[in-house]
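Shown next: my_file-v6.csv, given as CSV, C-alpha atoms and all ligand atoms.
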chain,number,residue,atom,x,y,z
A,1,MET,CA,-23.7,-5.8,6.7
A,2,HIS,CA,-26.4,-3.2,7.1
A,3,LEU,CA,-25.5,0.5,6.9
A,4,ILE,CA,-28.0,2.8,8.7
A,5,TYR,CA,-27.9,6.5,9.5
A,6,SER,CA,-30.9,7.3,11.7
A,7,LYS,CA,-31.9,6.6,15.3
A,8,LYS,CA,-35.3,5.5,14.0
A,9,GLU,CA,-33.8,2.8,11.7
A,10,LEU,CA,-31.5,1.6,14.5
A,11,GLN,CA,-34.4,1.4,17.0
A,12,ASP,CA,-36.6,-0.5,14.4
A,13,LEU,CA,-33.8,-2.9,13.7
A,14,VAL,CA,-33.1,-3.5,17.4
A,15,ALA,CA,-36.8,-4.0,18.1
A,16,MET,CA,-36.8,-6.8,15.5
A,17,ILE,CA,-33.7,-8.4,17.0
A,18,ARG,CA,-35.2,-8.2,20.4
A,19,ARG,CA,-38.4,-9.9,19.1
A,20,LYS,CA,-36.3,-12.8,18.1
A,21,GLY,CA,-35.0,-12.9,21.7
A,22,GLN,CA,-31.4,-12.1,20.6
A,23,SER,CA,-28.8,-10.1,22.4
A,24,ILE,CA,-26.9,-7.2,21.0
A,25,GLY,CA,-23.2,-6.3,21.2
A,26,PHE,CA,-22.0,-2.8,20.6
A,27,VAL,CA,-18.6,-1.5,19.4
A,28,PRO,CA,-18.5,2.3,19.3
A,29,THR,CA,-15.9,3.8,17.0
A,30,MET,CA,-14.9,7.0,15.2
A,31,GLY,CA,-14.4,5.1,12.0
A,32,ALA,CA,-11.3,4.8,9.7
A,33,LEU,CA,-11.6,1.2,10.7
A,34,HIS,CA,-8.6,-1.1,11.1
A,35,GLN,CA,-7.8,-4.5,12.6
A,36,GLY,CA,-7.8,-3.1,16.1
A,37,HIS,CA,-11.5,-2.3,15.6
A,38,THR,CA,-12.2,-5.7,14.0
A,39,SER,CA,-10.5,-7.5,17.0
A,40,LEU,CA,-13.3,-5.9,19.1
A,41,ILE,CA,-16.0,-6.8,16.6
A,42,VAL,CA,-14.8,-10.5,16.6
A,43,GLU,CA,-14.9,-10.6,20.4
A,44,ALA,CA,-18.4,-9.1,20.3
A,45,LEU,CA,-19.6,-11.6,17.6
A,46,LYS,CA,-18.5,-14.5,19.8
A,47,LYS,CA,-21.1,-13.5,22.4
A,48,HIS,CA,-23.9,-11.8,20.5
A,49,PRO,CA,-25.7,-12.8,17.3
A,50,VAL,CA,-25.8,-9.1,16.2
A,51,VAL,CA,-23.2,-6.4,16.7
A,52,VAL,CA,-23.8,-2.7,16.2
A,53,VAL,CA,-20.7,-0.8,15.1
A,54,SER,CA,-21.2,3.0,15.4
A,55,ILE,CA,-19.1,5.3,13.3
A,56,PHE,CA,-19.3,8.8,14.7
A,57,VAL,CA,-16.5,11.4,15.0
A,58,ASN,CA,-17.7,13.0,18.2
A,59,PRO,CA,-17.0,16.7,18.2
A,60,THR,CA,-17.3,17.2,22.0
A,61,GLN,CA,-14.3,15.0,22.8
A,62,PHE,CA,-11.8,16.9,20.7
A,63,ASN,CA,-10.0,19.7,22.6
A,64,ASN,CA,-8.1,20.6,19.4
A,65,ALA,CA,-10.1,21.9,16.4
A,66,GLN,CA,-7.4,20.9,13.9
A,67,ASP,CA,-7.3,17.4,15.2
A,68,LEU,CA,-11.1,17.2,14.8
A,69,GLU,CA,-11.0,18.7,11.3
A,70,LYS,CA,-8.2,16.3,10.2
A,71,TYR,CA,-9.6,13.2,11.7
A,72,PRO,CA,-9.9,10.6,8.9
A,73,ARG,CA,-13.5,10.1,7.6
A,74,THR,CA,-13.7,7.1,5.4
A,75,LEU,CA,-17.3,5.7,5.6
A,76,ASP,CA,-17.3,4.0,2.2
A,77,GLN,CA,-14.1,2.2,2.9
A,78,ASP,CA,-15.3,1.3,6.4
A,79,ALA,CA,-18.5,-0.2,5.0
A,80,GLN,CA,-16.4,-2.2,2.5
A,81,PHE,CA,-14.0,-3.2,5.3
A,82,LEU,CA,-16.9,-4.9,7.2
A,83,SER,CA,-18.7,-6.2,4.2
A,84,ASP,CA,-17.7,-9.9,4.9
A,85,TYR,CA,-19.7,-9.8,8.2
A,86,LYS,CA,-23.0,-9.9,6.3
A,87,ASP,CA,-26.2,-9.6,8.4
A,88,ARG,CA,-24.5,-10.0,11.8
A,89,VAL,CA,-22.9,-6.5,11.8
A,90,VAL,CA,-24.9,-3.3,11.6
A,91,ILE,CA,-23.0,-0.1,10.9
A,92,TYR,CA,-24.7,2.9,12.5
A,93,ALA,CA,-23.3,6.2,11.1
A,94,PRO,CA,-25.4,9.0,12.6
A,95,SER,CA,-25.1,12.7,11.9
A,96,THR,CA,-24.2,15.1,14.7
A,97,ARG,CA,-27.9,16.1,14.8
A,98,GLU,CA,-29.1,12.5,15.1
A,99,VAL,CA,-26.9,12.1,18.2
A,100,TYR,CA,-27.0,15.6,19.9
A,101,LYS,CA,-30.3,17.1,18.5
A,102,ASN,CA,-29.7,20.8,18.7
A,103,THR,CA,-27.3,21.1,21.5
A,104,VAL,CA,-23.8,19.9,20.8
A,105,GLN,CA,-22.5,20.1,24.3
A,106,SER,CA,-20.8,18.0,26.9
A,107,THR,CA,-22.3,17.1,30.2
A,108,PRO,CA,-19.8,17.5,33.1
A,109,TYR,CA,-19.1,14.2,34.8
A,110,ASN,CA,-17.4,13.3,38.1
A,111,PHE,CA,-15.4,10.2,37.4
A,112,GLU,CA,-13.8,10.2,40.8
A,113,GLY,CA,-10.5,11.8,39.7
A,114,ILE,CA,-9.7,9.4,36.8
A,115,GLU,CA,-10.7,12.1,34.4
A,116,HIS,CA,-8.0,14.5,35.5
A,117,VAL,CA,-4.8,12.5,34.9
A,118,MET,CA,-2.9,11.7,31.7
A,119,GLU,CA,-5.4,12.0,28.8
A,120,GLY,CA,-7.7,14.1,31.0
A,121,GLU,CA,-4.9,16.4,32.0
A,122,HIS,CA,-3.6,16.9,28.5
A,123,ARG,CA,-6.9,17.0,26.7
A,124,PRO,CA,-9.2,19.2,28.9
A,125,GLY,CA,-12.9,18.2,28.6
A,126,HIS,CA,-12.1,15.1,26.6
A,127,PHE,CA,-13.7,12.6,29.0
A,128,ASP,CA,-16.8,14.7,29.5
A,129,GLY,CA,-17.2,14.5,25.7
A,130,VAL,CA,-16.6,10.7,25.7
A,131,GLY,CA,-19.1,10.2,28.6
A,132,THR,CA,-21.7,12.4,26.9
A,133,VAL,CA,-21.6,10.8,23.5
A,134,LEU,CA,-21.6,7.2,24.9
A,135,ASN,CA,-24.4,8.0,27.3
A,136,LEU,CA,-26.4,9.3,24.3
A,137,LEU,CA,-25.6,6.3,22.1
A,138,PHE,CA,-26.2,3.8,24.8
A,139,ARG,CA,-29.6,5.2,25.5
A,140,GLN,CA,-30.6,5.2,21.8
A,141,PHE,CA,-30.8,1.4,21.8
A,142,MET,CA,-29.5,-0.1,25.1
A,143,PRO,CA,-27.2,-2.9,23.9
A,144,ASP,CA,-26.5,-5.8,26.3
A,145,GLU,CA,-22.7,-5.4,26.1
A,146,ALA,CA,-20.3,-2.8,24.8
A,147,PHE,CA,-16.6,-3.6,23.9
A,148,PHE,CA,-13.7,-1.2,24.3
A,149,GLY,CA,-10.0,-1.5,23.5
A,150,GLU,CA,-7.4,-1.4,26.2
A,151,LYS,CA,-5.5,0.8,23.7
A,152,ASP,CA,-7.6,3.6,25.4
A,153,TYR,CA,-7.3,2.0,28.8
A,154,GLN,CA,-8.2,5.2,30.7
A,155,GLN,CA,-11.3,5.5,28.5
A,156,LEU,CA,-12.2,1.9,29.4
A,157,LEU,CA,-12.2,2.8,33.1
A,158,ILE,CA,-14.2,5.9,32.5
A,159,VAL,CA,-16.9,4.0,30.6
A,160,LYS,CA,-17.2,1.5,33.4
A,161,LYS,CA,-17.7,4.4,35.8
A,162,LEU,CA,-20.2,6.1,33.3
A,163,VAL,CA,-22.6,3.1,33.2
A,164,SER,CA,-22.5,3.0,37.0
A,165,ILE,CA,-23.2,6.8,37.3
A,166,GLU,CA,-26.0,6.6,34.6
A,167,LYS,CA,-27.3,3.3,36.1
A,168,LEU,CA,-27.3,1.6,32.7
A,169,ALA,CA,-27.6,-2.2,32.6
A,170,ILE,CA,-24.8,-2.6,30.0
A,171,LYS,CA,-21.8,-4.8,30.5
A,172,ILE,CA,-18.5,-3.1,29.6
A,173,THR,CA,-15.8,-5.4,28.3
A,174,GLY,CA,-12.2,-4.6,27.6
A,175,CYS,CA,-10.2,-6.2,24.8
A,176,PRO,CA,-6.4,-6.4,24.3
A,177,ILE,CA,-4.4,-4.0,22.2
A,178,HIS,CA,-4.0,-5.1,18.6
A,179,ARG,CA,-0.6,-4.2,17.2
A,180,GLN,CA,1.2,-4.2,13.8
A,181,SER,CA,3.9,-6.8,13.4
A,182,ASP,CA,6.5,-4.0,14.3
A,183,GLY,CA,4.7,-3.4,17.6
A,184,LEU,CA,3.0,-0.1,16.7
A,185,ALA,CA,-0.5,-0.1,18.2
A,186,MET,CA,-3.1,0.1,15.4
A,187,SER,CA,-4.8,3.5,15.4
A,188,SER,CA,-6.9,5.5,12.9
A,189,ARG,CA,-4.4,8.3,13.4
A,190,ASN,CA,-1.6,6.1,11.9
A,191,LYS,CA,-3.3,6.7,8.6
A,192,ARG,CA,-2.0,10.3,8.8
A,193,LEU,CA,1.7,9.2,9.4
A,194,THR,CA,4.1,9.6,6.5
A,195,PRO,CA,6.3,6.6,5.5
A,196,GLU,CA,9.2,8.1,7.5
A,197,GLN,CA,7.0,8.6,10.6
A,198,LEU,CA,5.7,5.1,10.3
A,199,LYS,CA,9.3,3.8,10.4
A,200,VAL,CA,10.0,5.7,13.6
A,201,ALA,CA,6.7,5.1,15.4
A,202,PRO,CA,7.4,1.5,16.6
A,203,PHE,CA,9.9,3.1,19.1
A,204,ILE,CA,6.9,3.9,21.2
A,205,TYR,CA,6.1,0.2,21.9
A,206,ALA,CA,9.8,-0.6,22.2
A,207,SER,CA,10.1,2.1,24.9
A,208,LEU,CA,7.1,0.5,26.8
A,209,GLN,CA,8.7,-2.9,26.6
A,210,MET,CA,11.9,-1.5,28.0
A,211,ALA,CA,9.9,0.0,30.9
A,212,LYS,CA,8.3,-3.4,31.5
A,213,LYS,CA,11.7,-5.2,31.5
A,214,ARG,CA,13.1,-2.7,34.1
A,215,PHE,CA,9.9,-2.7,36.3
A,216,SER,CA,11.0,-5.5,38.7
A,217,THR,CA,14.4,-3.9,39.5
A,218,LYS,CA,14.0,-0.1,39.1
A,219,SER,CA,11.8,2.5,40.7
A,220,ALA,CA,9.0,4.3,38.8
A,221,LEU,CA,11.1,7.5,38.9
A,222,GLU,CA,14.2,5.8,37.5
A,223,ILE,CA,12.2,4.2,34.7
A,224,LYS,CA,10.5,7.6,33.9
A,225,LYS,CA,13.9,9.3,33.7
A,226,MET,CA,15.2,6.6,31.4
A,227,ILE,CA,12.2,7.0,29.1
A,228,GLU,CA,12.5,10.8,29.1
A,229,GLN,CA,16.2,10.5,28.2
A,230,GLY,CA,15.4,8.0,25.4
A,231,TYR,CA,12.9,10.4,23.8
A,232,ALA,CA,15.2,13.5,24.3
A,233,GLN,CA,17.8,11.7,22.2
A,234,HIS,CA,15.2,10.6,19.6
A,235,GLU,CA,14.6,12.8,16.7
A,236,GLY,CA,11.1,12.7,15.2
A,237,LEU,CA,9.2,11.8,18.4
A,238,GLU,CA,8.3,14.1,21.1
A,239,LEU,CA,7.2,12.7,24.5
A,240,GLU,CA,4.1,14.4,26.0
A,241,TYR,CA,3.8,12.2,29.1
A,242,PHE,CA,5.0,8.9,30.5
A,243,GLU,CA,3.3,7.6,33.7
A,244,ILE,CA,3.3,4.4,35.7
A,245,ALA,CA,0.0,4.1,37.4
A,246,ASN,CA,-2.2,1.7,39.4
A,247,ILE,CA,-4.6,-0.1,36.9
A,248,LYS,CA,-7.7,0.5,39.1
A,249,ASN,CA,-7.5,4.2,40.0
A,250,LEU,CA,-4.7,5.4,37.7
A,251,LYS,CA,-2.9,7.0,40.7
A,252,PRO,CA,0.8,7.5,39.8
A,253,LEU,CA,3.0,4.8,41.3
A,254,SER,CA,5.2,6.1,44.2
A,255,ARG,CA,5.9,2.9,46.1
A,256,LYS,CA,5.3,-0.5,44.6
A,257,ARG,CA,2.9,-2.8,46.5
A,258,ASN,CA,3.0,-6.5,45.9
A,259,ASN,CA,-0.7,-7.0,45.7
A,260,GLN,CA,-1.3,-4.2,43.2
A,261,LYS,CA,-1.1,-4.1,39.4
A,262,TYR,CA,0.4,-1.4,37.4
A,263,ARG,CA,0.5,-0.2,33.8
A,264,ALA,CA,2.8,2.2,31.9
A,265,PHE,CA,1.0,4.9,29.8
A,266,ILE,CA,2.5,7.1,27.1
A,267,ALA,CA,1.5,9.9,24.8
A,268,VAL,CA,3.9,10.9,22.0
A,269,PHE,CA,3.8,13.4,19.1
A,270,SER,CA,5.0,12.4,15.7
A,271,GLY,CA,5.0,15.8,14.0
A,272,GLU,CA,1.4,17.1,14.8
A,273,ILE,CA,0.0,13.6,15.2
A,274,ARG,CA,-0.6,12.4,18.7
A,275,LEU,CA,-0.2,8.7,19.5
A,276,ILE,CA,-1.0,6.9,22.7
A,277,ASP,CA,-0.1,3.4,24.0
A,278,ASN,CA,0.2,1.5,27.2
A,279,ILE,CA,1.4,-1.8,28.6
A,280,ALA,CA,0.7,-4.0,31.6
A,281,LEU,CA,3.8,-4.1,33.8
A,282,ASN,CA,3.1,-6.9,36.3
B,1,LIG,P1,-11.6,4.9,18.0
B,1,LIG,O1,-12.3,4.6,16.7
B,1,LIG,O2,-10.2,5.2,17.9
B,1,LIG,O3,-12.4,5.8,18.9
B,1,LIG,O4,-11.7,3.4,18.7
B,1,LIG,C1,-12.8,2.7,18.9
B,1,LIG,C2,-12.6,1.6,19.8
B,1,LIG,O5,-11.6,0.7,19.2
B,1,LIG,C3,-12.1,2.0,21.2
B,1,LIG,O6,-12.7,1.2,22.2
B,1,LIG,C4,-10.6,1.8,21.1
B,1,LIG,O7,-10.0,1.5,22.3
B,1,LIG,C5,-10.6,0.5,20.2
B,1,LIG,N1,-9.3,0.4,19.5
B,1,LIG,C6,-8.7,1.3,18.8
B,1,LIG,N2,-7.4,0.9,18.4
B,1,LIG,C7,-7.3,-0.3,19.0
B,1,LIG,C8,-6.2,-1.3,18.9
B,1,LIG,N3,-5.1,-1.1,18.3
B,1,LIG,N4,-6.4,-2.5,19.6
B,1,LIG,C9,-7.6,-2.7,20.3
B,1,LIG,N5,-8.6,-1.8,20.4
B,1,LIG,C10,-8.5,-0.6,19.7

For this file, write the structure as structure tokens.
Ligand code: AMP
Amino acid sequence: MHLIYSKKELQDLVAMIRRKGQSIGFVPTMGALHQGHTSLIVEALKKHPVVVVSIFVNPTQFNNAQDLEKYPRTLDQDAQFLSDYKDRVVIYAPSTREVYKNTVQSTPYNFEGIEHVMEGEHRPGHFDGVGTVLNLLFRQFMPDEAFFGEKDYQQLLIVKKLVSIEKLAIKITGCPIHRQSDGLAMSSRNKRLTPEQLKVAPFIYASLQMAKKRFSTKSALEIKKMIEQGYAQHEGLELEYFEIANIKNLKPLSRKRNNQKYRAFIAVFSGEIRLIDNIALN
């Protein structure tokens, strides 16, 4: 595993790989790596001889200064975590300056409305920040394919729109959500949960499974009410939103259509730590 910090080192390495005629996969992350991240890396390694894993806590996608400050930063452990991959994985851990030069600012994007619901509604400016940093990183070395987790399903759709808006010839591939054995979706934020909070957090996936079970017989409104009641009675978890939406345009479901696919999306606070998850319903 190589660990590099500068755009110049990255571009030199990529030029060498290109001279060998090899393709390059890309897994962008914010670090504090876990098995959810490695599931993406494993997918990328199946298709590309070399995979770049970026580790960069992007300031422009945080709407909450405390969340940014407290985001876990564990580069040494992350490098250790990926040490088995040897030469096929390159960690790129740039500074903010290396990515943004002197202007740490988001570009406003029009993602055709997808940016205004759920995560977009509750984290204003978040997807402009995501679009901005990915556009900058993509353009630094133009990977052939970039891999994103369905854990951040809305982000996956945003990135697909981004490459089309920016006319970038990069394939965007989604990968399934990796979970702990108790169902909790793996997340870097889980590292901030106390043992008590970790005991309670699997309720989030259990509530999504319950929504899925009811989906064929109940309306979206009935399911939403049931979920809201479940959280109202649940100490230790506070529901921020629960939505059932069309998987292509994220429009909230009002009337089910047979030929359409839907997912349920949820954001929950455990203390001050915000956790998100989602599930395919049909
Ligand atoms: P993050 O470091 O949280 O920005 O995540 C980097 C990438 O890993 C994103 O594409 C996430 O969707 C993906 N990811 C994070 N957690 C998981 C998980 N539990 N399963 C699958 N992908 C994940």

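Proximity to ligand LIG 1 (chain B) was assessed for A:Lys161, A:Arg73, A:His178, A:Lys167 counting all atoms listed in the file; the smallest distance is recorded for A:His178.
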
Using all atoms listed in the file, find each residue with an atom at most 9 Å away from ligand LIG 1 (chain B) and format the answer as a PDB file with C-alpha atoms, in the coordinates of the input.
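Heads up, here's the output in out37.pdb:
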ATOM      1  CA  VAL A  27     -18.600  -1.500  19.400  1.00  0.00           C
ATOM      2  CA  PRO A  28     -18.500   2.300  19.300  1.00  0.00           C
ATOM      3  CA  THR A  29     -15.900   3.800  17.000  1.00  0.00           C
ATOM      4  CA  MET A  30     -14.900   7.000  15.200  1.00  0.00           C
ATOM      5  CA  GLY A  31     -14.400   5.100  12.000  1.00  0.00           C
ATOM      6  CA  ALA A  32     -11.300   4.800   9.700  1.00  0.00           C
ATOM      7  CA  LEU A  33     -11.600   1.200  10.700  1.00  0.00           C
ATOM      8  CA  HIS A  34      -8.600  -1.100  11.100  1.00  0.00           C
ATOM      9  CA  GLN A  35      -7.800  -4.500  12.600  1.00  0.00           C
ATOM     10  CA  GLY A  36      -7.800  -3.100  16.100  1.00  0.00           C
ATOM     11  CA  HIS A  37     -11.500  -2.300  15.600  1.00  0.00           C
ATOM     12  CA  THR A  38     -12.200  -5.700  14.000  1.00  0.00           C
ATOM     13  CA  SER A  39     -10.500  -7.500  17.000  1.00  0.00           C
ATOM     14  CA  LEU A  40     -13.300  -5.900  19.100  1.00  0.00           C
ATOM     15  CA  ILE A  55     -19.100   5.300  13.300  1.00  0.00           C
ATOM     16  CA  PHE A  56     -19.300   8.800  14.700  1.00  0.00           C
ATOM     17  CA  VAL A  57     -16.500  11.400  15.000  1.00  0.00           C
ATOM     18  CA  ASN A  58     -17.700  13.000  18.200  1.00  0.00           C
ATOM     19  CA  ALA A 146     -20.300  -2.800  24.800  1.00  0.00           C
ATOM     20  CA  PHE A 147     -16.600  -3.600  23.900  1.00  0.00           C
ATOM     21  CA  PHE A 148     -13.700  -1.200  24.300  1.00  0.00           C
ATOM     22  CA  GLY A 149     -10.000  -1.500  23.500  1.00  0.00           C
ATOM     23  CA  GLU A 150      -7.400  -1.400  26.200  1.00  0.00           C
ATOM     24  CA  LYS A 151      -5.500   0.800  23.700  1.00  0.00           C
ATOM     25  CA  ASP A 152      -7.600   3.600  25.400  1.00  0.00           C
ATOM     26  CA  TYR A 153      -7.300   2.000  28.800  1.00  0.00           C
ATOM     27  CA  GLN A 155     -11.300   5.500  28.500  1.00  0.00           C
ATOM     28  CA  LEU A 156     -12.200   1.900  29.400  1.00  0.00           C
ATOM     29  CA  GLY A 174     -12.200  -4.600  27.600  1.00  0.00           C
ATOM     30  CA  CYS A 175     -10.200  -6.200  24.800  1.00  0.00           C
ATOM     31  CA  PRO A 176      -6.400  -6.400  24.300  1.00  0.00           C
ATOM     32  CA  ILE A 177      -4.400  -4.000  22.200  1.00  0.00           C
ATOM     33  CA  HIS A 178      -4.000  -5.100  18.600  1.00  0.00           C
ATOM     34  CA  ARG A 179      -0.600  -4.200  17.200  1.00  0.00           C
ATOM     35  CA  GLN A 180       1.200  -4.200  13.800  1.00  0.00           C
ATOM     36  CA  LEU A 184       3.000  -0.100  16.700  1.00  0.00           C
ATOM     37  CA  ALA A 185      -0.500  -0.100  18.200  1.00  0.00           C
ATOM     38  CA  MET A 186      -3.100   0.100  15.400  1.00  0.00           C
ATOM     39  CA  SER A 187      -4.800   3.500  15.400  1.00  0.00           C
ATOM     40  CA  SER A 188      -6.900   5.500  12.900  1.00  0.00           C
ATOM     41  CA  ARG A 189      -4.400   8.300  13.400  1.00  0.00           C
ATOM     42  CA  ASP A 277      -0.100   3.400  24.000  1.00  0.00           C
TER      43      ASP A 277
END

Residue neighbourhood Phe141 (chain A), 8 Å, only C-alpha atoms, exclusion window fewer than 6 positions, as number ranges by chain: A: 10-11, 14

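CA of Val104 (chain A) sits 27.5 Å away from CA of Ala267 (chain A).
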
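When the distance limit is 6 Å and only C-alpha atoms are what count, the residues near Glu145 (chain A), minus those fewer than 6 positions from it on the same chain, are A:Gly25, A:Ile170, A:Lys171, A:Ile172.
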
Selection near region 239-250 of chain A, 10 Å with only C-alpha atoms, sequence-local residues under 3 positions removed, as a ChimeraX atom specification: /A:112-119,122,153-154,157,204,208,211,215,220-221,223-225,227-232,234,253-254,256-257,260-270,274-281

Just region 220-239 of chain A from the block, N, CA, C and O atoms, as a PDB file, in the first residue's frame, could you?
ATOM      1  N   ALA A 220     -47.779   4.295   2.438  1.00  0.00           N
ATOM      2  CA  ALA A 220     -46.569   4.979   2.900  1.00  0.00           C
ATOM      3  C   ALA A 220     -46.867   5.788   4.164  1.00  0.00           C
ATOM      4  O   ALA A 220     -46.079   5.831   5.105  1.00  0.00           O
ATOM      5  N   LEU A 221     -48.051   6.428   4.180  1.00  0.00           N
ATOM      6  CA  LEU A 221     -48.428   7.253   5.325  1.00  0.00           C
ATOM      7  C   LEU A 221     -48.568   6.416   6.598  1.00  0.00           C
ATOM      8  O   LEU A 221     -48.102   6.813   7.680  1.00  0.00           O
ATOM      9  N   GLU A 222     -49.211   5.248   6.431  1.00  0.00           N
ATOM     10  CA  GLU A 222     -49.397   4.360   7.601  1.00  0.00           C
ATOM     11  C   GLU A 222     -48.043   3.888   8.136  1.00  0.00           C
ATOM     12  O   GLU A 222     -47.807   3.860   9.347  1.00  0.00           O
ATOM     13  N   ILE A 223     -47.163   3.544   7.211  1.00  0.00           N
ATOM     14  CA  ILE A 223     -45.839   3.058   7.637  1.00  0.00           C
ATOM     15  C   ILE A 223     -45.077   4.183   8.341  1.00  0.00           C
ATOM     16  O   ILE A 223     -44.469   3.983   9.392  1.00  0.00           O
ATOM     17  N   LYS A 224     -45.153   5.376   7.769  1.00  0.00           N
ATOM     18  CA  LYS A 224     -44.454   6.521   8.366  1.00  0.00           C
ATOM     19  C   LYS A 224     -44.946   6.781   9.791  1.00  0.00           C
ATOM     20  O   LYS A 224     -44.146   6.983  10.710  1.00  0.00           O
ATOM     21  N   LYS A 225     -46.278   6.726   9.959  1.00  0.00           N
ATOM     22  CA  LYS A 225     -46.853   6.952  11.303  1.00  0.00           C
ATOM     23  C   LYS A 225     -46.352   5.909  12.290  1.00  0.00           C
ATOM     24  O   LYS A 225     -46.021   6.216  13.437  1.00  0.00           O
ATOM     25  N   MET A 226     -46.325   4.647  11.804  1.00  0.00           N
ATOM     26  CA  MET A 226     -45.888   3.554  12.663  1.00  0.00           C
ATOM     27  C   MET A 226     -44.422   3.752  13.104  1.00  0.00           C
ATOM     28  O   MET A 226     -44.082   3.571  14.273  1.00  0.00           O
ATOM     29  N   ILE A 227     -43.606   4.145  12.160  1.00  0.00           N
ATOM     30  CA  ILE A 227     -42.179   4.369  12.467  1.00  0.00           C
ATOM     31  C   ILE A 227     -42.049   5.527  13.458  1.00  0.00           C
ATOM     32  O   ILE A 227     -41.316   5.445  14.451  1.00  0.00           O
ATOM     33  N   GLU A 228     -42.796   6.608  13.206  1.00  0.00           N
ATOM     34  CA  GLU A 228     -42.710   7.779  14.093  1.00  0.00           C
ATOM     35  C   GLU A 228     -43.135   7.414  15.510  1.00  0.00           C
ATOM     36  O   GLU A 228     -42.496   7.827  16.479  1.00  0.00           O
ATOM     37  N   GLN A 229     -44.194   6.595  15.610  1.00  0.00           N
ATOM     38  CA  GLN A 229     -44.641   6.157  16.947  1.00  0.00           C
ATOM     39  C   GLN A 229     -43.572   5.307  17.624  1.00  0.00           C
ATOM     40  O   GLN A 229     -43.290   5.457  18.810  1.00  0.00           O
ATOM     41  N   GLY A 230     -42.965   4.426  16.844  1.00  0.00           N
ATOM     42  CA  GLY A 230     -41.905   3.545  17.371  1.00  0.00           C
ATOM     43  C   GLY A 230     -40.780   4.355  17.990  1.00  0.00           C
ATOM     44  O   GLY A 230     -40.298   4.045  19.085  1.00  0.00           O
ATOM     45  N   TYR A 231     -40.367   5.421  17.296  1.00  0.00           N
ATOM     46  CA  TYR A 231     -39.258   6.241  17.821  1.00  0.00           C
ATOM     47  C   TYR A 231     -39.713   7.118  18.982  1.00  0.00           C
ATOM     48  O   TYR A 231     -38.935   7.387  19.896  1.00  0.00           O
ATOM     49  N   ALA A 232     -40.975   7.570  18.943  1.00  0.00           N
ATOM     50  CA  ALA A 232     -41.477   8.392  20.043  1.00  0.00           C
ATOM     51  C   ALA A 232     -41.412   7.612  21.356  1.00  0.00           C
ATOM     52  O   ALA A 232     -41.181   8.181  22.425  1.00  0.00           O
ATOM     53  N   GLN A 233     -41.610   6.287  21.241  1.00  0.00           N
ATOM     54  CA  GLN A 233     -41.596   5.458  22.463  1.00  0.00           C
ATOM     55  C   GLN A 233     -40.201   4.956  22.794  1.00  0.00           C
ATOM     56  O   GLN A 233     -40.018   4.239  23.769  1.00  0.00           O
ATOM     57  N   HIS A 234     -39.244   5.271  21.954  1.00  0.00           N
ATOM     58  CA  HIS A 234     -37.919   4.702  22.123  1.00  0.00           C
ATOM     59  C   HIS A 234     -36.969   5.727  22.731  1.00  0.00           C
ATOM     60  O   HIS A 234     -36.639   6.720  22.100  1.00  0.00           O
ATOM     61  N   GLU A 235     -36.534   5.439  23.944  1.00  0.00           N
ATOM     62  CA  GLU A 235     -35.597   6.381  24.570  1.00  0.00           C
ATOM     63  C   GLU A 235     -34.211   6.174  23.977  1.00  0.00           C
ATOM     64  O   GLU A 235     -33.825   5.063  23.680  1.00  0.00           O
ATOM     65  N   GLY A 236     -33.512   7.259  23.789  1.00  0.00           N
ATOM     66  CA  GLY A 236     -32.118   7.117  23.335  1.00  0.00           C
ATOM     67  C   GLY A 236     -31.934   7.335  21.852  1.00  0.00           C
ATOM     68  O   GLY A 236     -30.825   7.549  21.405  1.00  0.00           O
ATOM     69  N   LEU A 237     -33.012   7.263  21.074  1.00  0.00           N
ATOM     70  CA  LEU A 237     -32.897   7.555  19.639  1.00  0.00           C
ATOM     71  C   LEU A 237     -33.943   8.593  19.258  1.00  0.00           C
ATOM     72  O   LEU A 237     -35.112   8.465  19.637  1.00  0.00           O
ATOM     73  N   GLU A 238     -33.512   9.589  18.521  1.00  0.00           N
ATOM     74  CA  GLU A 238     -34.466  10.623  18.106  1.00  0.00           C
ATOM     75  C   GLU A 238     -34.553  10.635  16.582  1.00  0.00           C
ATOM     76  O   GLU A 238     -33.529  10.806  15.889  1.00  0.00           O
ATOM     77  N   LEU A 239     -35.764  10.434  16.084  1.00  0.00           N
ATOM     78  CA  LEU A 239     -35.955  10.372  14.632  1.00  0.00           C
ATOM     79  C   LEU A 239     -35.867  11.776  14.036  1.00  0.00           C
ATOM     80  O   LEU A 239     -36.543  12.695  14.486  1.00  0.00           O
TER      81      LEU A 239
END
